[in-house]
file model.txt (compact mmCIF, C-alpha atoms and all ligand atoms)
# COMPACT_ATOMS: atom_id res chain seq x y z
CA MET A 1 1.39 -13.53 -25.61
CA SER A 2 3.18 -12.65 -22.42
CA GLU A 3 4.68 -9.17 -22.59
CA PHE A 4 2.95 -6.38 -20.67
CA ALA A 5 2.02 -4.17 -23.63
CA THR A 6 0.52 -7.14 -25.50
CA GLN A 7 -1.45 -8.27 -22.47
CA GLN A 8 -2.86 -4.82 -21.78
CA ILE A 9 -4.44 -4.85 -25.26
CA GLN A 10 -5.33 -8.53 -25.70
CA ALA A 11 -5.63 -10.41 -22.40
CA GLY A 12 -9.06 -11.78 -21.59
CA TYR A 13 -10.62 -11.38 -25.04
CA VAL A 14 -10.65 -13.90 -27.83
CA PRO A 15 -12.62 -12.61 -30.83
CA GLY A 16 -15.05 -15.29 -31.88
CA THR A 17 -18.38 -13.92 -30.81
CA PRO A 18 -21.09 -14.18 -33.45
CA GLN A 19 -20.10 -10.79 -34.93
CA HIS A 20 -16.30 -11.30 -34.63
CA SER A 21 -15.97 -7.87 -33.07
CA ALA A 22 -12.27 -6.92 -32.84
CA VAL A 23 -12.82 -4.82 -29.73
CA PRO A 24 -14.57 -6.44 -26.75
CA PRO A 25 -18.28 -5.57 -27.04
CA ILE A 26 -20.40 -3.99 -24.32
CA TYR A 27 -22.88 -6.63 -23.22
CA GLN A 28 -25.46 -4.16 -21.96
CA THR A 29 -27.98 -6.60 -20.57
CA ALA A 30 -29.26 -7.13 -17.06
CA ALA A 31 -29.78 -10.87 -17.44
CA PHE A 32 -28.94 -13.87 -19.60
CA GLN A 33 -31.16 -16.53 -21.12
CA PHE A 34 -30.64 -20.13 -20.02
CA ALA A 35 -30.56 -22.99 -22.50
CA SER A 36 -32.72 -25.11 -20.21
CA LEU A 37 -34.06 -25.31 -16.69
CA ALA A 38 -31.36 -27.86 -15.89
CA GLU A 39 -28.67 -25.37 -16.91
CA ALA A 40 -30.27 -22.62 -14.82
CA ALA A 41 -30.30 -24.94 -11.79
CA ASP A 42 -26.61 -25.80 -12.30
CA LEU A 43 -25.64 -22.14 -12.53
CA PHE A 44 -27.56 -21.18 -9.39
CA ALA A 45 -25.99 -24.04 -7.43
CA LEU A 46 -22.46 -23.03 -8.57
CA ARG A 47 -22.07 -26.45 -10.24
CA LYS A 48 -21.41 -24.66 -13.50
CA SER A 49 -19.98 -21.24 -14.23
CA GLY A 50 -21.60 -18.95 -16.74
CA ASN A 51 -23.72 -15.88 -17.20
CA LEU A 52 -26.75 -15.53 -15.04
CA TYR A 53 -27.51 -11.96 -14.04
CA SER A 54 -25.33 -8.85 -14.42
CA ARG A 55 -25.23 -8.14 -10.69
CA ASN A 56 -23.00 -11.21 -10.35
CA ALA A 57 -20.97 -10.80 -13.53
CA SER A 58 -21.18 -9.69 -17.13
CA PRO A 59 -19.05 -10.79 -20.10
CA THR A 60 -17.56 -7.29 -20.55
CA GLN A 61 -16.62 -7.28 -16.88
CA GLN A 62 -15.01 -10.71 -17.26
CA VAL A 63 -12.70 -9.46 -20.02
CA LEU A 64 -11.63 -6.66 -17.69
CA GLU A 65 -11.07 -9.13 -14.84
CA GLU A 66 -8.88 -11.39 -16.95
CA ARG A 67 -6.93 -8.47 -18.32
CA VAL A 68 -6.14 -6.93 -14.93
CA ALA A 69 -5.31 -10.37 -13.50
CA ALA A 70 -2.84 -10.86 -16.38
CA LEU A 71 -1.22 -7.46 -15.86
CA GLU A 72 -0.81 -8.10 -12.12
CA GLY A 73 0.47 -11.62 -12.72
CA GLY A 74 -2.47 -13.02 -10.74
CA VAL A 75 -4.79 -15.98 -11.17
CA SER A 76 -8.29 -14.49 -11.02
CA ALA A 77 -9.98 -11.15 -10.39
CA VAL A 78 -13.27 -9.56 -9.46
CA ALA A 79 -14.31 -6.19 -10.90
CA VAL A 80 -16.79 -4.04 -8.99
CA ALA A 81 -18.38 -0.59 -9.10
CA SER A 82 -15.57 1.42 -7.47
CA GLY A 83 -12.24 1.18 -5.71
CA GLN A 84 -14.07 1.60 -2.41
CA ALA A 85 -16.22 -1.42 -3.23
CA ALA A 86 -13.13 -3.44 -4.19
CA VAL A 87 -11.45 -2.74 -0.84
CA ALA A 88 -14.67 -3.40 1.08
CA VAL A 89 -15.66 -6.72 -0.53
CA THR A 90 -12.07 -7.98 -0.47
CA LEU A 91 -11.70 -7.46 3.25
CA LEU A 92 -15.23 -8.63 4.09
CA ALA A 93 -14.51 -11.88 2.25
CA ILE A 94 -11.14 -12.43 3.95
CA VAL A 95 -11.81 -11.04 7.40
CA GLY A 96 -15.51 -11.75 7.86
CA VAL A 97 -17.36 -10.01 10.67
CA ARG A 98 -15.55 -9.54 14.00
CA GLY A 99 -12.08 -10.13 12.58
CA HIS A 100 -9.12 -7.78 12.97
CA ILE A 101 -7.02 -5.97 10.36
CA VAL A 102 -3.62 -4.31 10.73
CA ALA A 103 -3.35 -1.43 8.28
CA ALA A 104 -0.86 1.25 7.36
CA ASN A 105 -1.43 4.76 8.71
CA GLN A 106 -0.78 6.17 5.27
CA LEU A 107 -4.00 5.29 3.43
CA TYR A 108 -6.48 6.85 1.02
CA GLY A 109 -9.05 8.87 3.02
CA GLY A 110 -12.02 6.80 1.86
CA THR A 111 -10.31 3.63 3.07
CA VAL A 112 -9.69 5.26 6.46
CA ASP A 113 -13.41 6.16 6.68
CA LEU A 114 -14.37 2.57 5.76
CA PHE A 115 -12.00 1.10 8.35
CA GLN A 116 -12.68 3.53 11.21
CA ASP A 117 -16.39 3.95 10.85
CA THR A 118 -18.28 1.42 8.74
CA PHE A 119 -16.07 -1.59 9.57
CA GLU A 120 -16.27 -0.65 13.24
CA ASP A 121 -20.07 -0.81 12.92
CA PHE A 122 -19.62 -4.35 11.54
CA GLY A 123 -17.43 -5.35 14.51
CA ILE A 124 -14.27 -5.42 12.37
CA GLU A 125 -11.41 -3.77 14.25
CA VAL A 126 -8.52 -2.08 12.50
CA THR A 127 -5.19 -1.17 14.10
CA PHE A 128 -3.21 1.48 12.24
CA VAL A 129 0.60 1.39 12.22
CA ASP A 130 3.44 3.38 10.70
CA GLN A 131 4.07 1.37 7.52
CA ASP A 132 7.85 1.83 7.78
CA ASP A 133 7.98 0.31 11.27
CA ALA A 134 8.36 -3.49 11.04
CA GLU A 135 8.08 -3.88 14.82
CA ALA A 136 4.81 -1.95 14.86
CA TRP A 137 3.31 -4.33 12.25
CA ARG A 138 4.41 -7.36 14.28
CA ALA A 139 3.24 -5.95 17.61
CA ALA A 140 -0.22 -5.12 16.27
CA ILE A 141 -0.98 -8.68 15.13
CA ARG A 142 -3.43 -10.59 17.38
CA PRO A 143 -4.86 -14.12 17.30
CA GLU A 144 -7.97 -12.79 15.54
CA THR A 145 -6.00 -10.81 12.91
CA ARG A 146 -7.03 -11.94 9.42
CA ALA A 147 -5.28 -9.50 7.06
CA LEU A 148 -2.57 -6.86 6.69
CA PHE A 149 -3.38 -3.92 4.40
CA ALA A 150 -1.30 -1.13 2.84
CA GLU A 151 -0.79 0.84 -0.37
CA SER A 152 2.22 0.13 -2.59
CA VAL A 153 2.75 3.88 -2.94
CA ALA A 154 0.68 6.18 -0.74
CA ASN A 155 -0.35 9.77 -1.35
CA PRO A 156 0.03 12.72 -1.03
CA VAL A 157 3.47 12.08 0.52
CA ALA A 158 4.40 9.24 -1.90
CA GLN A 159 5.74 6.86 0.74
CA VAL A 160 6.98 3.68 -0.95
CA LEU A 161 6.08 0.51 0.95
CA ASP A 162 8.63 -2.21 1.60
CA ILE A 163 6.16 -4.80 0.29
CA ARG A 164 8.42 -7.81 0.85
CA LEU A 165 9.02 -6.87 4.48
CA VAL A 166 5.31 -6.55 5.27
CA ALA A 167 4.45 -9.68 3.25
CA ASP A 168 6.93 -11.72 5.30
CA ILE A 169 5.41 -10.40 8.55
CA ALA A 170 1.91 -11.29 7.31
CA HIS A 171 2.94 -14.80 6.29
CA GLU A 172 4.77 -15.47 9.60
CA ALA A 173 1.42 -14.70 11.24
CA GLY A 174 -0.44 -16.95 8.78
CA VAL A 175 -2.51 -14.15 7.22
CA PRO A 176 -2.58 -12.65 3.71
CA LEU A 177 -1.21 -9.26 2.67
CA VAL A 178 -3.63 -7.08 0.69
CA ILE A 179 -2.06 -4.24 -1.29
CA ASP A 180 -3.85 -1.28 -2.84
CA ASN A 181 -1.85 -0.75 -6.05
CA THR A 182 -3.94 2.13 -7.41
CA VAL A 183 -1.07 4.63 -7.41
CA GLY A 184 1.64 2.07 -8.18
CA THR A 185 -0.09 0.52 -11.22
CA PRO A 186 1.03 -2.91 -12.49
CA TYR A 187 3.24 -1.18 -15.05
CA LEU A 188 5.45 0.27 -12.32
CA VAL A 189 5.13 -2.40 -9.61
CA ARG A 190 3.49 -5.80 -9.33
CA PRO A 191 2.97 -6.37 -5.60
CA GLY A 192 2.37 -10.08 -6.18
CA GLU A 193 6.01 -10.46 -7.23
CA HIS A 194 7.00 -9.17 -3.79
CA GLY A 195 4.73 -11.37 -1.69
CA ALA A 196 1.32 -9.66 -1.73
CA ASP A 197 -1.56 -12.15 -1.91
CA PHE A 198 -4.36 -9.84 -3.06
CA VAL A 199 -4.01 -6.64 -5.07
CA VAL A 200 -6.82 -4.06 -5.20
CA HIS A 201 -7.29 -1.12 -7.54
CA SER A 202 -9.41 1.91 -7.92
CA ALA A 203 -9.75 1.43 -11.70
CA THR A 204 -11.13 4.97 -11.73
CA LYS A 205 -7.56 6.29 -11.65
CA PHE A 206 -4.63 5.08 -13.78
CA LEU A 207 -6.25 1.92 -15.21
CA SER A 208 -8.89 4.14 -16.86
CA GLY A 209 -6.70 7.18 -17.27
CA HIS A 210 -9.51 9.19 -18.86
CA GLY A 211 -11.36 10.10 -15.70
CA THR A 212 -14.76 9.13 -17.11
CA SER A 213 -15.75 6.07 -15.09
CA LEU A 214 -15.69 4.61 -11.62
CA GLY A 215 -14.61 1.03 -11.13
CA GLY A 216 -12.58 -1.23 -8.88
CA VAL A 217 -10.78 -4.54 -9.24
CA VAL A 218 -9.28 -7.09 -6.87
CA VAL A 219 -6.78 -9.65 -8.11
CA ASP A 220 -6.15 -12.95 -6.33
CA GLN A 221 -2.49 -13.88 -6.82
CA GLY A 222 -3.29 -17.52 -6.04
CA THR A 223 -0.68 -17.62 -3.28
CA PHE A 224 -2.62 -17.70 -0.04
CA ASP A 225 -3.73 -21.14 1.14
CA PHE A 226 -6.90 -20.69 3.20
CA GLY A 227 -6.97 -24.47 3.56
CA ALA A 228 -3.73 -24.56 5.59
CA GLN A 229 -5.49 -23.42 8.77
CA PRO A 230 -9.10 -24.38 8.00
CA GLU A 231 -10.49 -23.33 11.41
CA ARG A 232 -9.41 -19.74 10.74
CA TRP A 233 -11.23 -19.41 7.46
CA PRO A 234 -14.61 -21.19 7.76
CA GLN A 235 -16.04 -19.04 4.94
CA PHE A 236 -13.86 -21.13 2.59
CA THR A 237 -13.39 -24.43 4.39
CA ALA A 238 -16.77 -25.14 6.05
CA GLU A 239 -20.05 -25.77 4.26
CA TYR A 240 -21.17 -22.70 2.30
CA LYS A 241 -24.39 -21.76 4.03
CA ARG A 242 -26.28 -20.76 0.91
CA VAL A 243 -25.38 -23.86 -1.12
CA PRO A 244 -25.95 -26.94 1.04
CA GLY A 245 -23.25 -29.56 0.64
CA LEU A 246 -20.77 -27.17 -1.01
CA VAL A 247 -17.36 -26.27 0.45
CA LEU A 248 -15.85 -23.44 -1.60
CA TRP A 249 -12.25 -24.50 -0.94
CA GLU A 250 -12.98 -28.03 -2.16
CA ARG A 251 -14.92 -26.94 -5.24
CA PHE A 252 -12.78 -23.97 -6.36
CA GLY A 253 -9.49 -24.16 -4.46
CA ILE A 254 -6.56 -21.79 -4.33
CA GLY A 255 -6.73 -18.83 -6.68
CA GLN A 256 -10.46 -19.29 -7.47
CA ALA A 257 -12.38 -19.73 -4.20
CA PHE A 258 -11.90 -16.10 -3.16
CA ALA A 259 -13.49 -14.77 -6.38
CA ALA A 260 -16.32 -17.28 -6.03
CA LEU A 261 -17.06 -16.07 -2.49
CA VAL A 262 -16.79 -12.37 -3.36
CA LYS A 263 -19.12 -12.70 -6.34
CA SER A 264 -21.67 -15.16 -5.01
CA LYS A 265 -21.97 -13.58 -1.57
CA TYR A 266 -20.70 -10.02 -1.17
CA VAL A 267 -21.34 -8.58 -4.64
CA HIS A 268 -24.53 -10.63 -4.94
CA ASP A 269 -25.88 -9.48 -1.56
CA LEU A 270 -24.56 -5.93 -1.26
CA GLY A 271 -24.83 -5.14 -4.98
CA PRO A 272 -21.76 -3.00 -5.91
CA SER A 273 -21.78 -4.31 -9.49
CA LEU A 274 -19.74 -2.77 -12.28
CA SER A 275 -21.86 -1.60 -15.20
CA PRO A 276 -20.89 -3.18 -18.55
CA PHE A 277 -20.39 0.31 -20.00
CA ASN A 278 -17.92 1.29 -17.26
CA ALA A 279 -16.09 -2.03 -17.65
CA TRP A 280 -15.72 -1.26 -21.35
CA GLN A 281 -14.50 2.29 -20.69
CA ILE A 282 -11.85 0.96 -18.29
CA LEU A 283 -10.76 -1.61 -20.90
CA GLN A 284 -10.20 1.21 -23.42
CA GLY A 285 -8.03 2.98 -20.88
CA ILE A 286 -5.95 -0.06 -20.03
CA GLU A 287 -4.85 -0.47 -23.65
CA THR A 288 -2.56 2.57 -23.23
CA LEU A 289 -1.57 2.05 -19.57
CA ASP A 290 2.19 1.65 -20.07
CA LEU A 291 2.46 4.61 -22.46
CA ARG A 292 0.49 6.92 -20.20
CA VAL A 293 2.15 5.91 -16.96
CA ALA A 294 5.66 6.15 -18.41
CA ARG A 295 4.94 9.63 -19.78
CA GLN A 296 3.21 10.80 -16.60
CA SER A 297 6.06 9.50 -14.43
CA SER A 298 8.73 11.27 -16.44
CA THR A 299 6.67 14.49 -16.52
CA ALA A 300 6.13 14.30 -12.75
CA PHE A 301 9.84 13.82 -12.16
CA ALA A 302 10.66 16.85 -14.32
CA ILE A 303 8.11 18.91 -12.36
CA ALA A 304 9.51 17.64 -9.04
CA GLN A 305 13.01 18.71 -10.08
CA PHE A 306 11.73 22.14 -11.11
CA LEU A 307 9.87 22.57 -7.80
CA ALA A 308 12.82 21.36 -5.70
CA GLN A 309 14.93 24.33 -6.79
CA HIS A 310 12.13 26.92 -6.62
CA PRO A 311 12.54 29.52 -3.83
CA SER A 312 8.80 29.48 -2.98
CA VAL A 313 8.85 25.72 -2.38
CA ALA A 314 10.07 24.43 0.99
CA HIS A 315 10.00 20.72 0.26
CA VAL A 316 9.08 18.21 -2.46
CA ASN A 317 7.81 14.72 -1.57
CA HIS A 318 8.97 12.74 -4.59
CA PRO A 319 10.88 9.48 -4.01
CA GLY A 320 12.74 9.88 -7.29
CA LEU A 321 14.67 12.79 -5.76
CA GLU A 322 18.00 12.14 -4.02
CA GLY A 323 17.68 12.53 -0.29
CA ASN A 324 14.01 11.50 -0.19
CA ARG A 325 13.38 9.09 2.67
CA TRP A 326 11.94 6.45 0.31
CA HIS A 327 14.50 6.93 -2.48
CA ASP A 328 16.18 3.54 -1.90
CA LEU A 329 12.85 1.70 -1.74
CA ALA A 330 11.84 3.45 -4.98
CA GLY A 331 15.04 2.16 -6.58
CA ARG A 332 14.16 -1.35 -5.46
CA TYR A 333 10.42 -1.49 -6.17
CA LEU A 334 9.95 1.09 -8.94
CA PRO A 335 12.74 0.55 -11.50
CA ASN A 336 10.45 1.70 -14.37
CA GLY A 337 9.67 5.04 -12.72
CA VAL A 338 8.03 6.63 -9.71
CA PRO A 339 4.26 7.25 -9.83
CA SER A 340 3.13 10.68 -10.99
CA VAL A 341 1.20 11.53 -7.81
CA PHE A 342 3.31 13.48 -5.34
CA SER A 343 3.19 16.62 -3.24
CA PHE A 344 5.15 19.71 -2.31
CA ASP A 345 5.04 22.24 0.51
CA LEU A 346 5.02 25.96 -0.15
CA ALA A 347 7.60 27.89 1.83
CA GLY A 348 6.23 29.95 4.72
CA ALA A 349 4.86 29.56 8.22
CA GLU A 350 1.53 27.91 8.94
CA ASP A 351 -0.54 30.84 10.11
CA GLU A 352 -3.71 32.81 9.27
CA GLY A 353 -2.16 33.87 5.97
CA THR A 354 -1.42 30.33 4.74
CA GLN A 355 -4.83 29.48 3.34
CA GLU A 356 -4.94 32.72 1.42
CA ARG A 357 -1.45 32.19 -0.01
CA ILE A 358 -2.29 28.62 -1.06
CA ALA A 359 -5.53 29.83 -2.64
CA ARG A 360 -3.66 32.52 -4.60
CA VAL A 361 -1.34 29.89 -6.06
CA ILE A 362 -3.97 27.23 -6.78
CA ASP A 363 -6.54 29.66 -8.16
CA SER A 364 -3.91 31.12 -10.53
CA LEU A 365 -3.25 27.78 -12.23
CA LYS A 366 -4.60 27.68 -15.77
CA VAL A 367 -3.34 24.41 -17.27
CA VAL A 368 -3.35 22.37 -14.05
CA ARG A 369 -6.90 21.91 -12.70
CA LEU A 370 -8.25 21.81 -9.15
CA VAL A 371 -9.90 18.37 -9.04
CA ALA A 372 -10.15 15.73 -6.29
CA ASN A 373 -8.90 12.91 -8.48
CA ILE A 374 -5.60 11.35 -9.59
CA GLY A 375 -4.30 9.32 -12.51
CA ASP A 376 -6.21 11.36 -15.08
CA ALA A 377 -4.97 12.46 -18.52
CA ARG A 378 -5.36 15.99 -17.14
CA SER A 379 -2.90 17.34 -14.57
CA LEU A 380 -4.69 17.89 -11.29
CA VAL A 381 -3.91 19.55 -7.99
CA ALA A 382 -5.59 19.27 -4.62
CA HIS A 383 -5.05 20.92 -1.26
CA PRO A 384 -5.16 17.99 1.18
CA ALA A 385 -5.68 20.11 4.33
CA SER A 386 -8.91 21.63 3.01
CA MET A 387 -10.02 18.75 0.78
CA THR A 388 -9.06 15.07 1.14
CA HIS A 389 -7.64 15.41 4.68
CA SER A 390 -9.93 18.17 5.99
CA HIS A 391 -11.29 15.94 8.77
CA LEU A 392 -7.82 15.61 10.36
CA ASN A 393 -6.62 17.87 13.16
CA ALA A 394 -3.15 19.48 13.07
CA GLN A 395 -1.54 16.59 14.94
CA GLN A 396 -3.05 13.92 12.66
CA ARG A 397 -2.05 15.99 9.65
CA SER A 398 1.55 16.14 10.76
CA ALA A 399 1.53 12.37 11.45
CA ALA A 400 0.38 11.95 7.84
CA GLY A 401 3.32 14.12 6.72
CA ILE A 402 1.21 16.99 5.43
CA SER A 403 0.76 20.60 6.51
CA LEU A 404 -1.45 23.54 5.56
CA ASN A 405 1.23 24.30 2.96
CA THR A 406 1.04 20.92 1.19
CA ILE A 407 -0.23 20.76 -2.39
CA ARG A 408 -0.80 17.41 -4.13
CA LEU A 409 -0.13 17.12 -7.83
CA SER A 410 -1.11 14.34 -10.25
CA ALA A 411 0.78 14.85 -13.49
CA GLY A 412 -1.24 14.31 -16.66
CA LEU A 413 -0.39 13.94 -20.32
CA GLU A 414 -0.07 17.61 -21.29
CA ASP A 415 3.31 18.91 -22.50
CA PRO A 416 5.57 19.15 -19.43
CA ARG A 417 6.79 22.58 -20.58
CA ASP A 418 3.25 23.98 -20.32
CA LEU A 419 2.82 22.43 -16.88
CA ILE A 420 6.08 23.84 -15.55
CA ALA A 421 5.36 27.30 -17.02
CA ASP A 422 1.91 27.20 -15.42
CA LEU A 423 3.32 26.28 -12.01
CA GLU A 424 5.99 28.96 -12.38
CA GLN A 425 3.50 31.75 -13.01
CA ALA A 426 1.27 30.52 -10.16
CA LEU A 427 4.16 30.22 -7.69
CA ALA A 428 5.08 33.85 -8.45
CA ARG A 429 1.89 34.73 -6.51
CA ALA A 430 2.93 32.82 -3.39
C1 LIG A 501 -9.53 6.64 -5.31
C2 LIG A 501 -8.89 5.61 -4.48
C3 LIG A 501 -9.64 4.59 -3.87
C4 LIG A 501 -11.13 4.53 -3.99
O1 LIG A 501 -11.52 4.34 -5.30
P1 LIG A 501 -12.90 4.85 -5.95
O2 LIG A 501 -12.85 4.31 -7.32
O3 LIG A 501 -12.89 6.35 -5.88
O4 LIG A 501 -14.00 4.28 -5.12
C5 LIG A 501 -8.97 3.64 -3.15
N1 LIG A 501 -7.63 3.67 -2.99
C6 LIG A 501 -6.88 4.66 -3.55
C7 LIG A 501 -5.40 4.65 -3.35
C8 LIG A 501 -7.48 5.65 -4.31
O5 LIG A 501 -6.74 6.62 -4.86
call {"tool": "encode", "arguments": {"input": "model.txt", "output": "structure tokens", "more": "lines below"}}
Ligand SMILES: *Cc1c(COP(=O)(O)O)cnc(C)c1O
result
Amino acid sequence: MSEFATQQIQAGYVPGTPQHSAVPPIYQTAAFQFASLAEAADLFALRKSGNLYSRNASPTQQVLEERVAALEGGVSAVAVASGQAAVAVTLLAIVGVRGHIVAANQLYGGTVDLFQDTFEDFGIEVTFVDQDDAEAWRAAIRPETRALFAESVANPVAQVLDIRLVADIAHEAGVPLVIDNTVGTPYLVRPGEHGADFVVHSATKFLSGHGTSLGGVVVDQGTFDFGAQPERWPQFTAEYKRVPGLVLWERFGIGQAFAALVKSKYVHDLGPSLSPFNAWQILQGIETLDLRVARQSSTAFAIAQFLAQHPSVAHVNHPGLEGNRWHDLAGRYLPNGVPSVFSFDLAGAEDEGTQERIARVIDSLKVVRLVANIGDARSLVAHPASMTHSHLNAQQRSAAGISLNTIRLSAGLEDPRDLIADLEQALARA
């Protein structure tokens, strides 16, 4: 059982529960009964692994973790309440308090808020660099740097990251590369195959695909050796404060110690636990991941080609198109297709009339919906300048590659002919 489509339906679940349920059941329980006091003591001391309390883990969540780890080609995973939580607990576990992160400029807005505001409160500093500039990544690394962070494919401009390049820079500096693969999806790109050490997801998006449930996952690829420079990573290599006598790196080792730390400390203490019901919903979505993503990618490419020749459209940011700045990287990293989240700029100056023109187009759409989400079965648009990127000034907007004229589109599963006809009638109002 090794092919992608088989794993996305079967990985992590062996029927054999008392009821022999074919589909993984929802274990909707807050806590678990111990066989004896001795077993309870072993579980609390991390001498034994097993079910204890659903804040730490639930069996439904564990099926999801194993399945996403399999799809990403990783060793272990932790599922949490949202993509935000996945990014936060991953970096807290790796970087600790007062560490430094070098991150791409081109990140999801919520991640930027986390890095610039909340992490700053925690004494974690983040330096932002242009992700295409190898020298900028190198120059930003300091002795206290503990991680490099970027997205495999960003949005709304759909920049494709040269993952191998950034992974090599991270490893020369002795730190791991963390990749947010939410937009990429493991069907299109597996960052671990290109040197990433940890892969995070907002499972809310493509992994679910139905737009019903929030969730997040982080996969440990089992490649980063925190034991190689033990003084840098005391959270793994020194005695674990809450379990006297235990050193996580000795007990769990490469590929497992990270998940043990995230679950037993950060999820346990901060509490961003995934509900069993949401874990189950995300599992249902994953079973059709390859079919959905392949269809959405081809639909998005057809829409991008339609938009590229439309007189009311000035520019289309889709790396599948010839002449796009990331076209070669897309050929290298995304041989199965380019993600279905991209953007385009309406033709016309940026002036007082722009907002009204954009509103006329967006408000005329009937099939495509105005929703601040991506990766859904429904096709969705957003206007970054007044929604996801509204806190940026004009200069920051242009650094991010967007203008007042930029519209983001996430292609869904509707018939592409209906989507193109809908865009055509809306663009007639531009
Ligand atoms: C949505 C998103 C997140 C945050 O995920 P939530 O599930 O909304 O918390 C992180 N990264 C990317 C790229 C996203 O699109």
call {"tool": "residues_near_ligand", "arguments": {"input": "model.txt", "ligand": "ligand LIG 501 (chain A)", "cutoff": "9 Å", "atoms": "all atoms listed in the file", "output": "PyMOL selection string"}}
result
chain A and resi 81-87+107-111+151-155+180-184+200-205+213-216+373-375
call {"tool": "residues_around", "arguments": {"input": "model.txt", "residues": "Ala426 (chain A)", "least_positions_apart": "5", "cutoff": "10 Å", "atoms": "only C-alpha atoms", "output": "ChimeraX atom specification"}}
result
/A:358,360-366,420-421
call {"tool": "closest_residue", "arguments": {"input": "model.txt", "among": "A:Gln7, A:Ser403, A:Gln221, A:Thr185", "to": "Gly73 (chain A)", "atoms": "all atoms listed in the file"}}
result
A:Gln221
call {"tool": "closest_residue", "arguments": {"input": "model.txt", "among": "A:Pro272, A:Pro319, A:Gly331, A:Gly348", "to": "Arg55 (chain A)", "atoms": "only C-alpha atoms"}}
result
A:Pro272
call {"tool": "closest_residue", "arguments": {"input": "model.txt", "among": "A:Leu321, A:Ala104, A:Ala79, A:Leu207", "to": "Glu66 (chain A)", "atoms": "only C-alpha atoms"}}
result
A:Ala79
call {"tool": "atom_distance", "arguments": {"input": "model.txt", "atom1": "CA of Leu46 (chain A)", "atom2": "CA of Ala259 (chain A)"}}
result
12.4 Å
call {"tool": "residues_near_point", "arguments": {"input": "model.txt", "point": "(-17.1, -6.6, -9.2)", "cutoff": "6 Å", "atoms": "only C-alpha atoms", "output": "PyMOL selection string"}}
result
chain A and resi 78-80+273-274
call {"tool": "write_last_selection", "arguments": {"input": "model.txt", "atoms": "C-alpha atoms", "output": "PDB file, in the frame of the given file"}}
result
ATOM      1  CA  VAL A  78     -13.270  -9.560  -9.460  1.00  0.00           C
ATOM      2  CA  ALA A  79     -14.310  -6.190 -10.900  1.00  0.00           C
ATOM      3  CA  VAL A  80     -16.790  -4.040  -8.990  1.00  0.00           C
ATOM      4  CA  SER A 273     -21.780  -4.310  -9.490  1.00  0.00           C
ATOM      5  CA  LEU A 274     -19.740  -2.770 -12.280  1.00  0.00           C
TER       6      LEU A 274
END
call {"tool": "closest_residue", "arguments": {"input": "model.txt", "among": "A:Gln305, A:Ser390, A:Thr288, A:Gln19", "to": "Gly209 (chain A)", "atoms": "only C-alpha atoms"}}
result
A:Thr288
call {"tool": "closest_residue", "arguments": {"input": "model.txt", "among": "A:Lys263, A:His20, A:Arg164, A:Arg357", "to": "Arg429 (chain A)", "atoms": "only C-alpha atoms"}}
result
A:Arg357
call {"tool": "atom_distance", "arguments": {"input": "model.txt", "atom1": "CA of Phe206 (chain A)", "atom2": "CA of Arg292 (chain A)"}}
result
8.4 Å
call {"tool": "residues_around", "arguments": {"input": "model.txt", "residues": "region 156-163 of chain A", "least_positions_apart": "2", "cutoff": "6 Å", "atoms": "only C-alpha atoms", "output": "short mmCIF file (atom, residue, chain, number, x, y, z; two decimals) with C-alpha atoms, in the coordinates of the input"}}
result
data_model
loop_
_atom_site.label_atom_id
_atom_site.label_comp_id
_atom_site.auth_asym_id
_atom_site.auth_seq_id
_atom_site.Cartn_x
_atom_site.Cartn_y
_atom_site.Cartn_z
CA SER A 152 2.22 0.13 -2.59
CA VAL A 153 2.75 3.88 -2.94
CA ALA A 154 0.68 6.18 -0.74
CA LEU A 165 9.02 -6.87 4.48
CA VAL A 166 5.31 -6.55 5.27
CA ALA A 167 4.45 -9.68 3.25
CA ASN A 317 7.81 14.72 -1.57
CA TRP A 326 11.94 6.45 0.31
CA PHE A 342 3.31 13.48 -5.34
CA SER A 343 3.19 16.62 -3.24
CA ARG A 408 -0.80 17.41 -4.13
#
call {"tool": "atom_distance", "arguments": {"input": "model.txt", "atom1": "CA of Gly412 (chain A)", "atom2": "CA of Ala300 (chain A)"}}
result
8.3 Å
